[in-house]
Structures are given as C-alpha cells and as structure tokens.
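Chemist: What follows is the file start_26.tsv, containing TSV, C-alpha atoms:
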chain	number	residue	atom	x	y	z
R	22	MET	CA	-42.53	35.75	-39.75
R	23	ASN	CA	-38.84	35.68	-40.66
R	24	ARG	CA	-35.86	34.65	-38.57
R	25	ALA	CA	-32.95	37.04	-38.60
R	26	VAL	CA	-29.35	37.27	-37.59
R	27	PHE	CA	-28.42	40.77	-36.49
R	28	ILE	CA	-24.67	41.27	-36.83
R	29	ASP	CA	-22.48	43.98	-35.40
R	30	ARG	CA	-19.91	45.28	-37.87
R	31	ASP	CA	-16.53	46.26	-36.39
R	32	GLY	CA	-14.83	43.33	-34.65
R	33	VAL	CA	-17.35	40.81	-35.99
R	34	ILE	CA	-17.47	41.28	-39.77
R	35	ASN	CA	-14.31	43.31	-40.19
R	36	ARG	CA	-11.16	43.78	-38.19
R	37	ALA	CA	-11.53	46.55	-35.62
R	38	VAL	CA	-8.66	48.97	-35.17
R	39	VAL	CA	-7.61	48.39	-31.54
R	40	ARG	CA	-5.80	51.19	-29.73
R	41	ASP	CA	-5.04	51.02	-26.00
R	42	GLY	CA	-7.29	47.98	-25.69
R	43	LYS	CA	-10.32	49.75	-27.21
R	44	PRO	CA	-11.87	49.00	-30.63
R	45	TYR	CA	-12.36	51.64	-33.33
R	46	PRO	CA	-13.85	51.41	-36.82
R	47	PRO	CA	-11.77	51.63	-39.99
R	48	GLN	CA	-11.64	55.22	-41.20
R	49	ALA	CA	-12.05	54.38	-44.89
R	50	LEU	CA	-12.74	51.49	-47.24
R	51	ALA	CA	-8.98	51.10	-47.78
R	52	GLU	CA	-8.65	50.10	-44.09
R	53	PHE	CA	-11.61	47.70	-44.21
R	54	GLU	CA	-10.59	44.03	-43.87
R	55	PHE	CA	-12.95	41.06	-43.50
R	56	LEU	CA	-12.14	38.80	-40.58
R	57	PRO	CA	-11.32	35.16	-41.46
R	58	GLY	CA	-14.38	33.03	-42.24
R	59	VAL	CA	-16.81	35.96	-42.47
R	60	PRO	CA	-17.85	35.58	-46.13
R	61	GLU	CA	-18.40	31.84	-45.61
R	62	ALA	CA	-20.43	32.42	-42.43
R	63	ILE	CA	-22.67	35.05	-43.99
R	64	ARG	CA	-23.28	32.99	-47.12
R	65	ALA	CA	-24.14	29.91	-45.00
R	66	LEU	CA	-26.60	31.89	-42.86
R	67	HIS	CA	-28.19	33.33	-46.00
R	68	GLU	CA	-28.52	29.87	-47.55
R	69	ALA	CA	-30.10	28.65	-44.29
R	70	GLY	CA	-32.87	31.20	-44.82
R	71	PHE	CA	-32.05	33.85	-42.24
R	72	ARG	CA	-32.50	37.57	-42.91
R	73	LEU	CA	-29.08	39.15	-42.38
R	74	ILE	CA	-29.09	42.63	-40.90
R	75	VAL	CA	-25.99	44.55	-39.85
R	76	ALA	CA	-26.67	46.74	-36.82
R	77	THR	CA	-23.78	49.08	-36.08
R	78	ASN	CA	-23.07	52.07	-33.87
R	79	GLN	CA	-20.91	54.62	-35.69
R	80	PRO	CA	-20.62	57.44	-33.13
R	81	ASP	CA	-17.46	58.86	-34.74
R	82	VAL	CA	-19.79	60.48	-37.29
R	83	GLY	CA	-21.82	62.21	-34.59
R	84	ALA	CA	-18.61	63.23	-32.83
R	85	GLY	CA	-17.13	64.69	-36.02
R	86	ARG	CA	-14.23	62.22	-36.27
R	87	GLN	CA	-15.61	60.39	-39.33
R	88	THR	CA	-17.77	61.34	-42.30
R	89	ARG	CA	-21.06	59.68	-43.10
R	90	GLU	CA	-19.88	59.31	-46.71
R	91	LYS	CA	-16.91	57.13	-45.65
R	92	VAL	CA	-19.20	54.90	-43.56
R	93	GLU	CA	-21.69	54.60	-46.44
R	94	GLU	CA	-18.85	53.69	-48.82
R	95	ILE	CA	-17.92	50.78	-46.54
R	96	HIS	CA	-21.57	49.72	-46.37
R	97	ALA	CA	-21.97	49.86	-50.15
R	98	HIS	CA	-18.98	47.51	-50.37
R	99	LEU	CA	-20.57	45.13	-47.83
R	100	LEU	CA	-23.87	45.06	-49.72
R	101	ALA	CA	-22.12	44.49	-53.04
R	102	THR	CA	-19.90	41.71	-51.67
R	103	LEU	CA	-22.11	39.67	-49.32
R	104	PRO	CA	-25.80	38.62	-49.24
R	105	ILE	CA	-26.76	41.10	-46.51
R	106	ASP	CA	-30.40	42.21	-46.50
R	107	ASP	CA	-30.06	45.49	-44.63
R	108	ILE	CA	-27.64	47.71	-42.74
R	109	ARG	CA	-28.90	49.74	-39.79
R	110	VAL	CA	-26.64	52.49	-38.49
R	111	CYS	CA	-26.76	54.72	-35.42
R	112	TYR	CA	-24.59	57.79	-35.96
R	113	HIS	CA	-25.33	59.25	-32.51
R	114	THR	CA	-23.13	59.51	-29.43
R	115	ASP	CA	-24.25	58.54	-25.92
R	116	ALA	CA	-24.97	62.20	-25.20
R	117	ASP	CA	-27.74	62.19	-27.84
R	118	GLN	CA	-29.72	59.63	-25.78
R	119	CYS	CA	-31.36	58.22	-28.89
R	120	GLY	CA	-33.31	54.98	-29.00
R	121	CYS	CA	-31.18	53.45	-31.75
R	122	ARG	CA	-27.72	53.44	-30.13
R	123	LYS	CA	-26.90	50.01	-28.79
R	124	PRO	CA	-27.42	48.79	-26.06
R	125	LYS	CA	-30.88	50.20	-26.76
R	126	PRO	CA	-32.82	47.96	-29.17
R	127	GLY	CA	-34.12	50.60	-31.60
R	128	MET	CA	-32.26	49.39	-34.69
R	129	LEU	CA	-33.37	45.80	-34.11
R	130	LEU	CA	-36.98	46.73	-33.37
R	131	ASP	CA	-37.24	48.95	-36.47
R	132	ALA	CA	-35.73	46.24	-38.67
R	133	ALA	CA	-38.06	43.64	-37.16
R	134	GLU	CA	-41.07	45.73	-38.09
R	135	GLN	CA	-39.87	46.35	-41.65
R	136	TRP	CA	-38.75	42.77	-42.35
R	137	GLN	CA	-41.48	41.00	-40.31
R	138	ILE	CA	-38.94	39.35	-38.02
R	139	ASP	CA	-39.79	37.07	-35.13
R	140	LEU	CA	-37.34	38.39	-32.54
R	141	PRO	CA	-37.41	35.39	-30.13
R	142	SER	CA	-36.38	33.18	-33.08
R	143	SER	CA	-33.57	35.55	-34.03
R	144	VAL	CA	-30.00	36.14	-32.86
R	145	MET	CA	-27.80	39.19	-32.20
R	146	ILE	CA	-24.06	38.63	-32.68
R	147	GLY	CA	-21.57	41.17	-31.39
R	148	ASP	CA	-18.19	41.66	-29.76
R	149	ARG	CA	-19.17	44.17	-27.07
R	150	TRP	CA	-21.55	44.54	-24.13
R	151	ARG	CA	-23.61	47.02	-26.14
R	152	ASP	CA	-24.41	44.38	-28.77
R	153	VAL	CA	-25.43	41.79	-26.19
R	154	GLY	CA	-27.54	44.39	-24.38
R	155	ALA	CA	-29.37	45.39	-27.56
R	156	GLY	CA	-30.11	41.77	-28.42
R	157	GLN	CA	-31.38	41.05	-24.92
R	158	ALA	CA	-33.57	44.17	-24.90
R	159	ALA	CA	-35.08	43.13	-28.24
R	160	GLY	CA	-35.78	39.59	-27.01
R	161	CYS	CA	-33.22	37.83	-29.23
R	162	ARG	CA	-30.71	35.13	-28.41
R	163	THR	CA	-27.23	36.61	-28.10
R	164	ILE	CA	-23.79	35.39	-29.12
R	165	LEU	CA	-20.65	37.19	-27.98
R	166	ILE	CA	-17.59	37.14	-30.22
R	167	GLU	CA	-14.79	37.10	-27.68
R	168	SER	CA	-12.57	40.12	-28.18
R	169	GLY	CA	-10.54	40.77	-25.04
R	170	TYR	CA	-11.15	44.53	-25.20
R	171	ASP	CA	-10.22	46.59	-22.17
R	172	GLU	CA	-13.74	47.80	-21.40
R	173	ARG	CA	-16.95	46.81	-19.66
R	174	GLN	CA	-17.61	43.12	-20.23
R	175	ALA	CA	-20.81	41.63	-21.63
R	176	GLU	CA	-23.04	39.59	-19.32
R	177	GLY	CA	-25.91	37.17	-19.75
R	178	PHE	CA	-25.20	36.18	-23.37
R	179	ASP	CA	-26.35	32.77	-24.59
R	180	ALA	CA	-22.95	31.69	-25.95
R	181	ALA	CA	-19.47	33.07	-26.54
R	182	VAL	CA	-17.34	31.97	-29.49
R	183	PRO	CA	-14.12	33.11	-31.19
R	184	SER	CA	-15.59	34.08	-34.58
R	185	LEU	CA	-18.64	34.74	-36.74
R	186	LEU	CA	-18.01	31.42	-38.46
R	187	ASP	CA	-18.32	29.62	-35.11
R	188	ALA	CA	-21.47	31.60	-34.34
R	189	SER	CA	-22.97	30.61	-37.70
R	190	HIS	CA	-22.53	26.91	-36.82
R	191	LEU	CA	-24.44	27.40	-33.54
R	192	ILE	CA	-27.27	29.17	-35.37
R	193	ILE	CA	-27.61	26.90	-38.39
R	194	SER	CA	-27.61	23.79	-36.17
R	195	ASP	CA	-30.28	25.45	-33.95
R	196	GLN	CA	-28.07	24.81	-30.91
R	197	ILE	CA	-28.32	28.47	-29.91
R	198	PHE	CA	-32.06	27.96	-29.42
R	199	GLN	CA	-31.61	24.92	-27.16
R	200	SER	CA	-31.20	25.26	-23.42
R	201	PRO	CA	-28.65	25.13	-21.97
R	202	VAL	CA	-26.77	26.41	-24.97
R	203	ALA	CA	-23.66	24.83	-26.37
R	204	ARG	CA	-22.48	23.03	-23.24
R	205	THR	CA	-21.21	20.11	-25.30
R	206	LEU	CA	-19.46	22.11	-27.99
R	207	GLN	CA	-15.71	22.31	-27.72
R	208	GLY	CA	-14.46	25.89	-27.59
R	209	VAL	CA	-17.85	27.41	-26.82
R	210	ARG	CA	-18.52	29.05	-23.49
R	211	PRO	CA	-22.19	28.65	-22.45
R	212	LEU	CA	-24.75	30.92	-20.88
R	213	GLY	CA	-23.36	34.24	-19.82
R	214	GLY	CA	-19.73	33.27	-19.52
What do you get writing this file as structure tokens?
Modeler:
Amino acid sequence: MNRAVFIDRDGVINRAVVRDGKPYPPQALAEFEFLPGVPEAIRALHEAGFRLIVATNQPDVGAGRQTREKVEEIHAHLLATLPIDDIRVCYHTDADQCGCRKPKPGMLLDAAEQWQIDLPSSVMIGDRWRDVGAGQAAGCRTILIESGYDERQAEGFDAAVPSLLDASHLIISDQIFQSPVARTLQGVRPLGG
C-alpha cells in the first residue's frame, strides 16, 4: 500500500483570490500564482515517497461562472511543472449533492482505490473546513493551512500551519502521525486548534 498526501489547490498550492473575506479560484492560467515554498514542498514530499494527489472543488464550473477548459489548462500546467501523480476535481455545487464534493470523501476514496493508498497512513492538507472534513471522513490525518477566511472554521484537524512547506516538514518527519501532534514545534498549533 502507498502513502499519499492529498492537497487542496486554491489557497494551498496557489494564491486564492480573496474577495470580502472569501476565497475564489483564479479564473485563468494567467492569474495562477504558486504560493511561496510550494514547489519545494511538493518536490520534497515526492522524494520522500508519497503519492501526491490534488483534490479540489471547482463549483464555479457547475455554476456556470468558469469553464472546464480553463480549469484543465491550470491542471495541465500543474502536472507539467510539479511531480504530482493525479488531480481529482469535483465540478459540482452543493445543490448537486454528489459524493465527490468536499467535505464528502469521494475524491479521496476513489484515488485510494486507484493508487492503492493506505488512508490511515496518509494526510489531507487544505485551507478550509471542507478539506479537513473530507480528510477526516476518509480516515486520513489532516493539516489545516491557516487562512483567516471569513467563513465556517475547520475543527478537529491534527495540526495547523502557515504554509504547505511547513506541512511538508510535519509529514516528512512523521510528526503528523505521532500523538499528540506537533506540540513541541514552534509556530504549529496542535490538535484541532
């Protein structure tokens, strides 16, 4: 069985467009900007032997505010630039009540089946309550990237850190799998905030 790191996209890999305290995805590749430390973090996780799977909700497509082609162009850029194994996308809105839209675990469960992933030995990293919820529902450890968005707050995560690079250190050192998590690490908030 493989270990994986499931990574949310907007606000974790790339800069989210924040309007009125709420995050939105870039509308085109021209607006796409990696957050600091992301390429280094992803390369380090890859070299440590983790499967890297992006799991992203893109409901603007289902709502008609974004085209699937623009999203796929961004994903082609990600796959060409970084050692990512797979990108899972939910294009639905909440009204569709699908099983793949985070906080439901569908994307993670499907990827686990395809890539033979041991979910309890894997981690979900995200910047929103939906990401943490999906990771918890799939049985993964969860790391929250602190965002300060004006929305429902995540609960019950295993650690909270400022960036994907910080999260990669917790994972590679196996500290995320120790209990209690990260209590001795400076700048890391442990166990559900």
Chemist: Do you have the CA of Ala62 in chain R-CA of Asp81 in chain R distance handy?
Modeler: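 Calculated distance between CA of Ala62 in chain R and CA of Asp81 in chain R is 27.7 Å.
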Chemist: Have a look at CA of Phe198 in chain R and CA of Thr102 in chain R and let me know their distance in Å, one decimal.
Modeler: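 Answer for the CA of Phe198 in chain R to CA of Thr102 in chain R separation: 28.8 Å.
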Chemist: Hey, can you check how far CA of Thr88 in chain R sits from CA of Arg151 in chain R?
Modeler: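 Straight-line distance from CA of Thr88 in chain R to CA of Arg151 in chain R works out to 22.4 Å.
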Chemist: Ranking R:Ile34, R:Ala180, R:Val92, R:Ile197 by minimum distance to Pro141 in chain R and counting all atoms listed in the file, which one comes first?
Modeler: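 Among the listed residues, R:Ile197 lies closest to Pro141 in chain R.
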Chemist: Just want the 8 Å neighbourhood of Ser168 in chain R, counted on all atoms listed in the file, with same-chain residues fewer than 4 positions away dropped. Output as a list of chain:residue names.
Modeler: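 Result of the neighbour search: R:Gly32, R:Asp148, R:Arg149, R:Pro183.
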Chemist: Which residue out of R:Arg72, R:Arg64, R:Arg109, R:Arg122 has the minimum interatomic distance to Val144 in chain R when all atoms listed in the file are used?
Modeler: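 Counting all atoms listed in the file, the residue closest to Val144 in chain R is R:Arg72.
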Chemist: Find the residues near Tyr170 in chain R: any atom within 8 Å, counting all atoms listed in the file, skip ones fewer than 3 places away on the same chain, and give them as a ChimeraX atom specification.
Modeler: /R:42-44
Chemist: So that I can check the surroundings of Leu99 in chain R, please list as a ChimeraX atom specification every protein, DNA and RNA residue that reaches within 12 Å of it, counting all atoms listed in the file and ignoring chain neighbours fewer than 5 positions away.
Modeler: /R:30,34-35,50,53-55,59-60,63,73-75,92-94,104-108
Chemist: Go through R:His67, R:Asp31, R:Thr114, R:Ser189 and flag the residue nearest Gly85 in chain R, using all atoms listed in the file for the distances.
Modeler: R:Thr114
Chemist: Taking all atoms listed in the file into account, name the residue in R:Ala159, R:Ala116, R:Leu100, R:Ala188 that is nearest to Asp131 in chain R.
Modeler: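 The closest residue to Asp131 in chain R is R:Ala159.
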Chemist: Give me the residues near Glu90 in chain R as a PyMOL selection string, where near means some atom within 12 Å (using all atoms listed in the file) and where sequence neighbours in that chain fewer than 3 positions away do not count.
Modeler: chain R and resi 48-50+82+87+93-97+112
Chemist: Here's a test: counting all atoms listed in the file, identify every protein, DNA and RNA residue with an atom at most 8 Å from (-37.6, 41.8, -38.7) in the file's coordinate frame, and state them as an MDAnalysis selection string.
Modeler: chainID R and resid 22:25 72 129:140
Chemist: Enclose range 173-188 of chain R, meaning all of its atoms listed in the file, in a box aligned along x, y and z, pad it by 8 Å on each side, and list the centre and edge lengths in Å to one decimal, as JSON.
Modeler:
{"center_x": -20.2, "center_y": 38.2, "center_z": -28.9, "size_x": 28.2, "size_y": 33.2, "size_z": 35.1}
Chemist: If we count all atoms listed in the file and set the cut-off at 7 Å, which residues sit around Asp152 in chain R, ignoring sequence neighbours fewer than 3 positions away in its own chain? Please answer as an MDAnalysis selection string.
Modeler: chainID R and resid 29 123:124 146:149 155:156
Chemist: The selected residues should be written to file as a compact mmCIF listing (two decimals), keeping the file's coordinate frame (atoms: C-alpha atoms).
Modeler:
# COMPACT_ATOMS: atom_id res chain seq x y z
CA ASP R 29 -22.48 43.98 -35.40
CA LYS R 123 -26.90 50.01 -28.79
CA PRO R 124 -27.42 48.79 -26.06
CA ILE R 146 -24.06 38.63 -32.68
CA GLY R 147 -21.57 41.17 -31.39
CA ASP R 148 -18.19 41.66 -29.76
CA ARG R 149 -19.17 44.17 -27.07
CA ALA R 155 -29.37 45.39 -27.56
CA GLY R 156 -30.11 41.77 -28.42
Chemist: At most 6 Å from (-18.1, 35.3, -30.1), file frame, all atoms listed in the file: which residues, as a list in words?
Modeler: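 So the residues meeting the distance criterion are Ile164, Leu165, Ile166, Glu167, Ala181, Val182, Pro183 and Ser184 of chain R.
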